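Structure data (compact mmCIF, C-alpha atoms) from input-v1.txt:
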```txt
# COMPACT_ATOMS: atom_id res chain seq x y z
CA MET P 1127 -53.40 13.35 -30.16
CA LYS P 1128 -56.20 13.88 -27.65
CA THR P 1129 -56.14 11.23 -24.95
CA ASN P 1130 -58.87 10.56 -22.39
CA PHE P 1131 -57.64 10.59 -18.78
CA ASN P 1132 -59.10 7.11 -18.22
CA LEU P 1133 -56.63 5.63 -20.70
CA PHE P 1134 -54.37 4.18 -18.01
CA LEU P 1135 -57.39 2.44 -16.44
CA THR P 1136 -58.35 1.04 -19.81
CA ILE P 1137 -54.80 -0.26 -20.25
CA ILE P 1138 -54.94 -1.94 -16.86
CA ILE P 1139 -58.19 -3.78 -17.62
CA PHE P 1140 -57.03 -4.65 -21.13
CA ASN P 1141 -53.81 -6.18 -19.82
CA VAL P 1142 -55.59 -8.08 -17.05
CA PHE P 1143 -57.85 -9.87 -19.50
CA THR P 1144 -55.65 -10.19 -22.56
CA LEU P 1145 -53.00 -11.90 -20.46
CA THR P 1146 -55.39 -14.76 -19.76
CA SER P 1147 -56.37 -15.07 -23.39
CA CYS P 1148 -52.94 -14.46 -24.87
CA SER P 1149 -62.99 7.75 5.56
CA ASP P 1150 -65.33 9.58 7.26
CA SER P 1151 -66.26 12.78 5.34
CA ASP P 1152 -67.31 14.64 8.48
CA GLU P 1153 -63.81 14.61 9.92
CA PRO P 1154 -63.20 18.07 11.43
CA ASN P 1155 -59.71 18.62 9.98
CA ALA P 1156 -60.88 19.16 6.39
CA ILE P 1157 -58.47 21.64 4.84
CA PHE P 1158 -60.57 23.50 2.29
CA PRO P 1159 -63.63 25.78 2.31
CA ILE P 1160 -66.85 23.88 1.66
CA ASP P 1161 -67.89 26.44 -0.97
CA GLN P 1162 -64.80 26.01 -3.15
CA SER P 1163 -63.52 22.65 -4.33
CA TYR P 1164 -60.02 21.66 -5.38
CA TRP P 1165 -61.68 19.98 -8.36
CA PRO P 1166 -64.84 21.82 -9.49
CA PHE P 1167 -67.36 19.38 -10.95
CA LYS P 1168 -69.98 20.65 -13.38
CA THR P 1169 -71.12 19.40 -16.77
CA GLY P 1170 -69.06 21.11 -19.46
CA ASN P 1171 -65.99 21.77 -17.33
CA GLU P 1172 -62.80 20.91 -19.19
CA TRP P 1173 -59.07 20.77 -18.43
CA ASN P 1174 -56.48 20.43 -21.22
CA LEU P 1175 -53.07 19.11 -20.20
CA GLN P 1176 -49.97 18.64 -22.33
CA GLY P 1177 -47.31 15.96 -22.15
CA ALA P 1178 -43.76 15.86 -23.46
CA THR P 1179 -44.69 17.11 -26.95
CA SER P 1180 -47.35 19.39 -28.42
CA GLU P 1181 -49.11 16.35 -29.88
CA ASP P 1182 -49.09 14.49 -26.58
CA ASN P 1183 -52.07 15.86 -24.67
CA MET P 1184 -54.80 14.72 -22.32
CA THR P 1185 -58.23 16.14 -21.61
CA TYR P 1186 -60.45 15.87 -18.56
CA GLU P 1187 -63.96 16.78 -19.73
CA ILE P 1188 -67.19 16.34 -17.80
CA PHE P 1189 -69.87 15.12 -20.20
CA HIS P 1190 -72.83 14.35 -17.96
CA LYS P 1191 -73.98 13.09 -14.53
CA VAL P 1192 -74.86 9.55 -13.49
CA SER P 1193 -76.49 8.26 -10.29
CA PHE P 1194 -75.16 5.50 -8.06
CA GLU P 1195 -76.51 4.57 -4.61
CA GLY P 1196 -78.41 7.83 -4.39
CA LYS P 1197 -75.44 10.07 -5.19
CA GLU P 1198 -74.57 12.02 -8.33
CA TYR P 1199 -71.30 11.20 -10.08
CA TYR P 1200 -69.78 13.31 -12.84
CA SER P 1201 -68.74 11.30 -15.88
CA PHE P 1202 -65.58 12.04 -17.84
CA ILE P 1203 -66.73 9.56 -20.47
CA ASN P 1204 -68.12 10.49 -23.86
CA GLN P 1205 -70.82 7.88 -24.39
CA ASN P 1206 -70.03 7.92 -28.12
CA ASP P 1207 -66.50 6.69 -27.40
CA GLU P 1208 -66.81 2.93 -27.04
CA TYR P 1209 -63.17 2.56 -26.05
CA SER P 1210 -63.45 4.70 -22.92
CA TYR P 1211 -63.64 3.03 -19.55
CA PRO P 1212 -66.95 3.88 -17.83
CA VAL P 1213 -65.81 5.93 -14.84
CA ALA P 1214 -67.43 8.83 -12.99
CA VAL P 1215 -66.38 10.79 -9.87
CA ASN P 1216 -68.25 12.22 -6.89
CA GLU P 1217 -66.95 14.64 -4.26
CA ASP P 1218 -68.24 14.87 -0.70
CA LYS P 1219 -66.39 17.47 1.39
CA GLY P 1220 -63.00 16.71 -0.09
CA VAL P 1221 -63.42 12.95 -0.44
CA PHE P 1222 -63.50 11.95 -4.11
CA LYS P 1223 -65.12 8.60 -4.93
CA MET P 1224 -64.63 6.90 -8.29
CA TYR P 1225 -67.57 4.93 -9.70
CA TYR P 1226 -66.97 2.04 -12.08
CA ALA P 1227 -70.17 1.33 -14.03
CA PRO P 1228 -71.13 -2.25 -14.98
CA HIS P 1229 -70.07 -2.85 -18.55
CA ASN P 1230 -68.80 -5.27 -21.17
CA GLN P 1231 -65.23 -4.97 -22.37
CA GLN P 1232 -63.71 -7.28 -24.98
CA GLY P 1233 -66.34 -9.91 -24.24
CA VAL P 1234 -65.87 -9.68 -20.48
CA ASN P 1235 -68.87 -8.65 -18.35
CA ILE P 1236 -67.70 -6.61 -15.35
CA GLY P 1237 -69.85 -5.51 -12.42
CA GLY P 1238 -69.93 -2.05 -10.87
CA GLY P 1239 -68.87 -0.41 -7.63
CA SER P 1240 -67.17 2.63 -6.09
CA ILE P 1241 -63.88 3.33 -4.32
CA THR P 1242 -62.16 6.33 -2.74
CA TYR P 1243 -59.96 8.05 -5.32
CA ILE P 1244 -58.58 11.06 -3.40
CA ASN P 1245 -59.05 12.06 0.24
CA LEU P 1246 -58.26 15.71 0.99
CA GLN P 1247 -59.41 15.46 4.61
CA LYS P 1248 -56.16 13.82 5.63
CA ASP P 1249 -53.04 15.57 6.90
CA VAL P 1250 -49.84 15.58 4.85
CA ASN P 1251 -48.33 12.06 4.70
CA GLU P 1252 -51.33 10.55 6.51
CA VAL P 1253 -52.09 7.37 4.54
CA TRP P 1254 -55.61 6.31 3.61
CA THR P 1255 -56.77 3.14 1.87
CA ASP P 1256 -59.99 1.80 0.36
CA ASN P 1257 -61.07 -1.43 -1.31
CA MET P 1258 -63.55 -2.46 -3.99
CA THR P 1259 -64.42 -5.85 -5.45
CA LEU P 1260 -65.92 -6.24 -8.92
CA THR P 1261 -67.16 -9.57 -10.25
CA PHE P 1262 -66.67 -10.58 -13.87
CA THR P 1263 -67.55 -13.37 -16.29
CA SER P 1264 -65.75 -14.28 -19.50
CA ASN P 1265 -65.27 -17.12 -21.95
CA HIS P 1266 -62.22 -18.13 -19.92
CA GLY P 1267 -64.03 -18.26 -16.62
CA SER P 1268 -65.40 -16.07 -13.86
CA GLY P 1269 -63.75 -14.32 -10.97
CA ILE P 1270 -63.25 -11.04 -9.17
CA LEU P 1271 -61.17 -7.91 -9.60
CA ALA P 1272 -59.99 -6.84 -6.15
CA TYR P 1273 -59.06 -3.14 -6.11
CA THR P 1274 -57.00 -1.51 -3.37
CA PHE P 1275 -56.36 2.24 -3.59
CA THR P 1276 -53.77 3.58 -1.15
CA GLY P 1277 -52.96 7.27 -1.12
CA LYS P 1278 -51.80 10.33 0.76
CA ILE P 1279 -51.27 14.06 0.46
CA THR P 1280 -47.58 14.56 -0.21
CA GLU P 1281 -47.40 18.36 -0.05
CA LYS P 1282 -49.40 21.58 0.36
CA LYS P 1283 -48.07 24.71 -1.30
CA GLU P 1284 -49.21 28.32 -1.40
CA ALA P 1285 -48.52 28.45 -5.14
CA GLU P 1286 -47.11 26.43 -8.04
CA ILE P 1287 -45.97 27.66 -11.45
CA ILE P 1288 -47.12 25.47 -14.35
CA ASN P 1289 -46.39 26.45 -17.96
CA GLY P 1290 -45.66 30.02 -16.88
CA LYS P 1291 -48.90 30.44 -14.93
CA THR P 1292 -49.15 30.68 -11.14
CA TYR P 1293 -51.77 28.54 -9.44
CA LYS P 1294 -52.52 29.20 -5.78
CA ASP P 1295 -53.36 26.88 -2.88
CA VAL P 1296 -52.05 23.62 -4.31
CA ILE P 1297 -52.41 20.14 -2.83
CA LYS P 1298 -50.33 17.27 -4.21
CA THR P 1299 -51.65 13.74 -3.83
CA VAL P 1300 -50.40 10.31 -4.81
CA VAL P 1301 -52.52 7.16 -5.12
CA GLU P 1302 -51.43 3.57 -5.77
CA HIS P 1303 -53.97 1.62 -7.82
CA LYS P 1304 -53.56 -2.10 -7.10
CA ILE P 1305 -55.77 -4.58 -8.97
CA PHE P 1306 -55.76 -8.35 -8.43
CA ASN P 1307 -57.44 -10.67 -10.94
CA SER P 1308 -58.53 -13.91 -9.26
CA LEU P 1309 -58.72 -15.78 -12.58
CA THR P 1310 -55.25 -14.95 -13.88
CA LYS P 1311 -53.69 -14.48 -10.41
CA ILE P 1312 -52.10 -11.33 -11.82
CA THR P 1313 -51.71 -8.11 -9.82
CA THR P 1314 -51.39 -4.83 -11.73
CA ILE P 1315 -50.05 -1.74 -9.96
CA VAL P 1316 -50.14 1.83 -11.27
CA GLU P 1317 -49.29 4.96 -9.29
CA GLU P 1318 -51.02 8.25 -10.05
CA GLU P 1319 -49.88 11.63 -8.73
CA THR P 1320 -52.32 14.53 -8.99
CA TRP P 1321 -51.72 18.21 -8.23
CA LEU P 1322 -54.89 20.16 -7.49
CA SER P 1323 -55.32 23.93 -7.26
CA LYS P 1324 -58.29 25.21 -5.27
CA GLY P 1325 -61.00 26.58 -7.51
CA VAL P 1326 -59.17 25.37 -10.63
CA GLY P 1327 -58.74 21.58 -10.54
CA PRO P 1328 -55.89 19.38 -11.82
CA ILE P 1329 -52.78 21.29 -12.86
CA ARG P 1330 -50.43 18.31 -13.20
CA THR P 1331 -50.81 14.52 -13.35
CA ILE P 1332 -48.04 11.92 -13.25
CA THR P 1333 -48.84 8.27 -13.96
CA ARG P 1334 -46.19 5.62 -13.23
CA GLY P 1335 -45.94 1.93 -13.97
CA ASP P 1336 -43.19 -0.67 -14.06
CA ASP P 1337 -41.71 0.68 -17.26
CA PHE P 1338 -43.24 4.11 -17.86
CA GLU P 1339 -43.89 7.56 -16.42
CA ASP P 1340 -46.29 9.96 -18.11
CA VAL P 1341 -46.34 13.61 -17.01
CA TYR P 1342 -49.08 16.03 -18.11
CA SER P 1343 -49.35 19.71 -17.14
CA LEU P 1344 -52.29 22.07 -17.42
CA VAL P 1345 -52.39 24.38 -20.44
CA THR P 1346 -55.96 25.67 -20.51
CA TYR P 1347 -59.20 25.03 -18.65
CA THR P 1348 -62.86 26.03 -18.84
CA LEU P 1349 -65.23 26.17 -15.85
CA LYS P 1350 -68.97 26.59 -16.37
```
Would you give me this structure, written as structure tokens?
Amino acid sequence: MKTNFNLFLTIIIFNVFTLTSCSDSDEPNAIFPIDQSYWPFKTGNEWNLQGATSEDNMTYEIFHKVSFEGKEYYSFINQNDEYSYPVAVNEDKGVFKMYYAPHNQQGVNIGGGSITYINLQKDVNEVWTDNMTLTFTSNHGSGILAYTFTGKITEKKEAEIINGKTYKDVIKTVVEHKIFNSLTKITTIVEEETWLSKGVGPIRTITRGDDFEDVYSLVTYTLK
């Protein structure tokens, strides 16, 4: 089956609500050339990753651009897919920001905002953190979703072999997604590990929760 990469975010929001009803980018130590990103963003770019079986796959596909606070964000969401969580990503000199668009999900109206997703300006094991607060209203009451993303670069490698292919200049990152719902008083935590190859993009993703770990590795990709 073909799974959108925002699935784990959708699961988080779904669980949060169904449970109640049932850095500075100019930092001089940036570690990559400005003219070549570790995650190239352009409409039409696509990365196909495979999980444990041939039918277990995930696709990152950039469908279009959206604007937020004067900046362009690249959306991985197919607007025809009503089950996708409305997320887009912007990169500024190695700092990747994730934009959550205002939307309605399962009768819950959720506001919008942005938060740092990955920070490649940091040294290995140097921790960064960012926060975002989204307001929401529902039939069960109103409240906030308080997001805290905490991450770091865990390793830099000259090359990594994935599915028999060698990818050069690899940075491995890990980010903890922590979401607190003020209405339910429930905190959801998911950890996401992303391996990025310069000029290519994501070559492996690992998503972990309390009772699961999903590993996906790059098979094919298309850059426009």
Spatial neighbours of Val1301 in chain P, 10 Å, all atoms listed in the file, chain gap at least 5 places, as an mmCIF file with C-alpha atoms, in the coordinates of the input:
```
data_model
loop_
_atom_site.group_PDB
_atom_site.id
_atom_site.type_symbol
_atom_site.label_atom_id
_atom_site.label_comp_id
_atom_site.auth_asym_id
_atom_site.auth_seq_id
_atom_site.Cartn_x
_atom_site.Cartn_y
_atom_site.Cartn_z
ATOM 1 C CA THR P 1242 -62.160 6.330 -2.740
ATOM 2 C CA TYR P 1243 -59.960 8.050 -5.320
ATOM 3 C CA ILE P 1244 -58.580 11.060 -3.400
ATOM 4 C CA ASN P 1245 -59.050 12.060 0.240
ATOM 5 C CA VAL P 1253 -52.090 7.370 4.540
ATOM 6 C CA TRP P 1254 -55.610 6.310 3.610
ATOM 7 C CA THR P 1255 -56.770 3.140 1.870
ATOM 8 C CA THR P 1274 -57.000 -1.510 -3.370
ATOM 9 C CA PHE P 1275 -56.360 2.240 -3.590
ATOM 10 C CA THR P 1276 -53.770 3.580 -1.150
ATOM 11 C CA GLY P 1277 -52.960 7.270 -1.120
ATOM 12 C CA LYS P 1278 -51.800 10.330 0.760
ATOM 13 C CA ILE P 1279 -51.270 14.060 0.460
ATOM 14 C CA VAL P 1316 -50.140 1.830 -11.270
ATOM 15 C CA GLU P 1317 -49.290 4.960 -9.290
ATOM 16 C CA GLU P 1318 -51.020 8.250 -10.050
ATOM 17 C CA GLU P 1319 -49.880 11.630 -8.730
ATOM 18 C CA THR P 1320 -52.320 14.530 -8.990
ATOM 19 C CA THR P 1333 -48.840 8.270 -13.960
#
```
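Reported to one decimal place, the separation of CA of Thr1331 in chain P from CA of Thr1313 in chain P is 22.9 Å.
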Atomic separation - CA of Val1213 in chain P relative to CA of Pro1228 in chain P, Å
9.8 Å
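Residues near the point (-55.9, 19.5, -2.2), at a distance of 6 Å or less over all atoms listed in the file, make up P:Tyr1164, P:Leu1246, P:Ile1297, P:Leu1322.
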What's around Glu1281 in chain P at 10 Å? Count all atoms listed in the file, leave out sequence neighbours fewer than 2 positions away in its own chain, and write the answer as a list in words.
Asp1249, Val1250, Asn1251, Lys1278, Ile1279, Lys1283, Val1296, Ile1297, Lys1298, Thr1299, Val1300 and Trp1321 of chain P
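Between CA of Ile1203 in chain P and CA of Gln1231 in chain P lies a distance of 14.7 Å.
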Find the residues near Ser1343 in chain P: any atom within 10 Å, counting only C-alpha atoms, skip ones fewer than 2 places away on the same chain, and give them as a ChimeraX atom specification.
/P:1173-1178,1183-1184,1288-1289,1321,1328-1332,1341,1345-1346
Looking at all atoms listed in the file, which of P:Thr1292, P:Gln1247, P:Asn1307, P:Thr1314 is the one that sits closest to Ala1272 in chain P?
P:Asn1307
Spatial neighbours of range 1257-1263 of chain P, max dist 9 Å, all atoms listed in the file, sep filter under 2 positions, as a list in words:
Tyr1226, Pro1228, Gly1233, Val1234, Asn1235, Ile1236, Gly1237, Gly1238, Gly1239, Ser1240, Ile1241, Thr1242, Thr1255, Asn1265, His1266, Gly1267, Ser1268, Gly1269, Ile1270, Leu1271, Ala1272, Tyr1273, Thr1274, Phe1275 and Thr1276 of chain P
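The shortest atom-to-atom distance to Asp1295 in chain P, with all atoms listed in the file taken into account, belongs to P:Ser1323 out of P:Thr1185, P:Phe1338, P:Ser1323, P:Ile1315.
By chain and then residue number, the residues within 12 Å of Thr1348 in chain P are Pro1166, Phe1167, Lys1168, Thr1169, Gly1170, Asn1171, Glu1172, Trp1173, Asn1174, Thr1185, Tyr1186, Glu1187, Ile1188, Gly1325, Val1326, Gly1327, Pro1328, Leu1344 and Val1345 of chain P, counting only C-alpha atoms and disregarding those fewer than 3 positions away in sequence.
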With C-alpha atoms kept, could you save the residues just selected as an mmCIF file, keeping the file's coordinate frame?
```cif
data_model
loop_
_atom_site.group_PDB
_atom_site.id
_atom_site.type_symbol
_atom_site.label_atom_id
_atom_site.label_comp_id
_atom_site.auth_asym_id
_atom_site.auth_seq_id
_atom_site.Cartn_x
_atom_site.Cartn_y
_atom_site.Cartn_z
ATOM 1 C CA PRO P 1166 -64.840 21.820 -9.490
ATOM 2 C CA PHE P 1167 -67.360 19.380 -10.950
ATOM 3 C CA LYS P 1168 -69.980 20.650 -13.380
ATOM 4 C CA THR P 1169 -71.120 19.400 -16.770
ATOM 5 C CA GLY P 1170 -69.060 21.110 -19.460
ATOM 6 C CA ASN P 1171 -65.990 21.770 -17.330
ATOM 7 C CA GLU P 1172 -62.800 20.910 -19.190
ATOM 8 C CA TRP P 1173 -59.070 20.770 -18.430
ATOM 9 C CA ASN P 1174 -56.480 20.430 -21.220
ATOM 10 C CA THR P 1185 -58.230 16.140 -21.610
ATOM 11 C CA TYR P 1186 -60.450 15.870 -18.560
ATOM 12 C CA GLU P 1187 -63.960 16.780 -19.730
ATOM 13 C CA ILE P 1188 -67.190 16.340 -17.800
ATOM 14 C CA GLY P 1325 -61.000 26.580 -7.510
ATOM 15 C CA VAL P 1326 -59.170 25.370 -10.630
ATOM 16 C CA GLY P 1327 -58.740 21.580 -10.540
ATOM 17 C CA PRO P 1328 -55.890 19.380 -11.820
ATOM 18 C CA LEU P 1344 -52.290 22.070 -17.420
ATOM 19 C CA VAL P 1345 -52.390 24.380 -20.440
#
```
Give the answer as one residue: which of P:Glu1302, P:Phe1194, P:Lys1248, P:Gly1335 has the shortest atom-to-atom distance to Lys1223 in chain P, using only C-alpha atoms?
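Smallest separation from Lys1223 in chain P among the options: P:Phe1194.
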Nearest candidate to Tyr1342 in chain P (options P:Tyr1293, P:Val1215, P:Asp1182, P:Ser1201; using only C-alpha atoms):
P:Asp1182
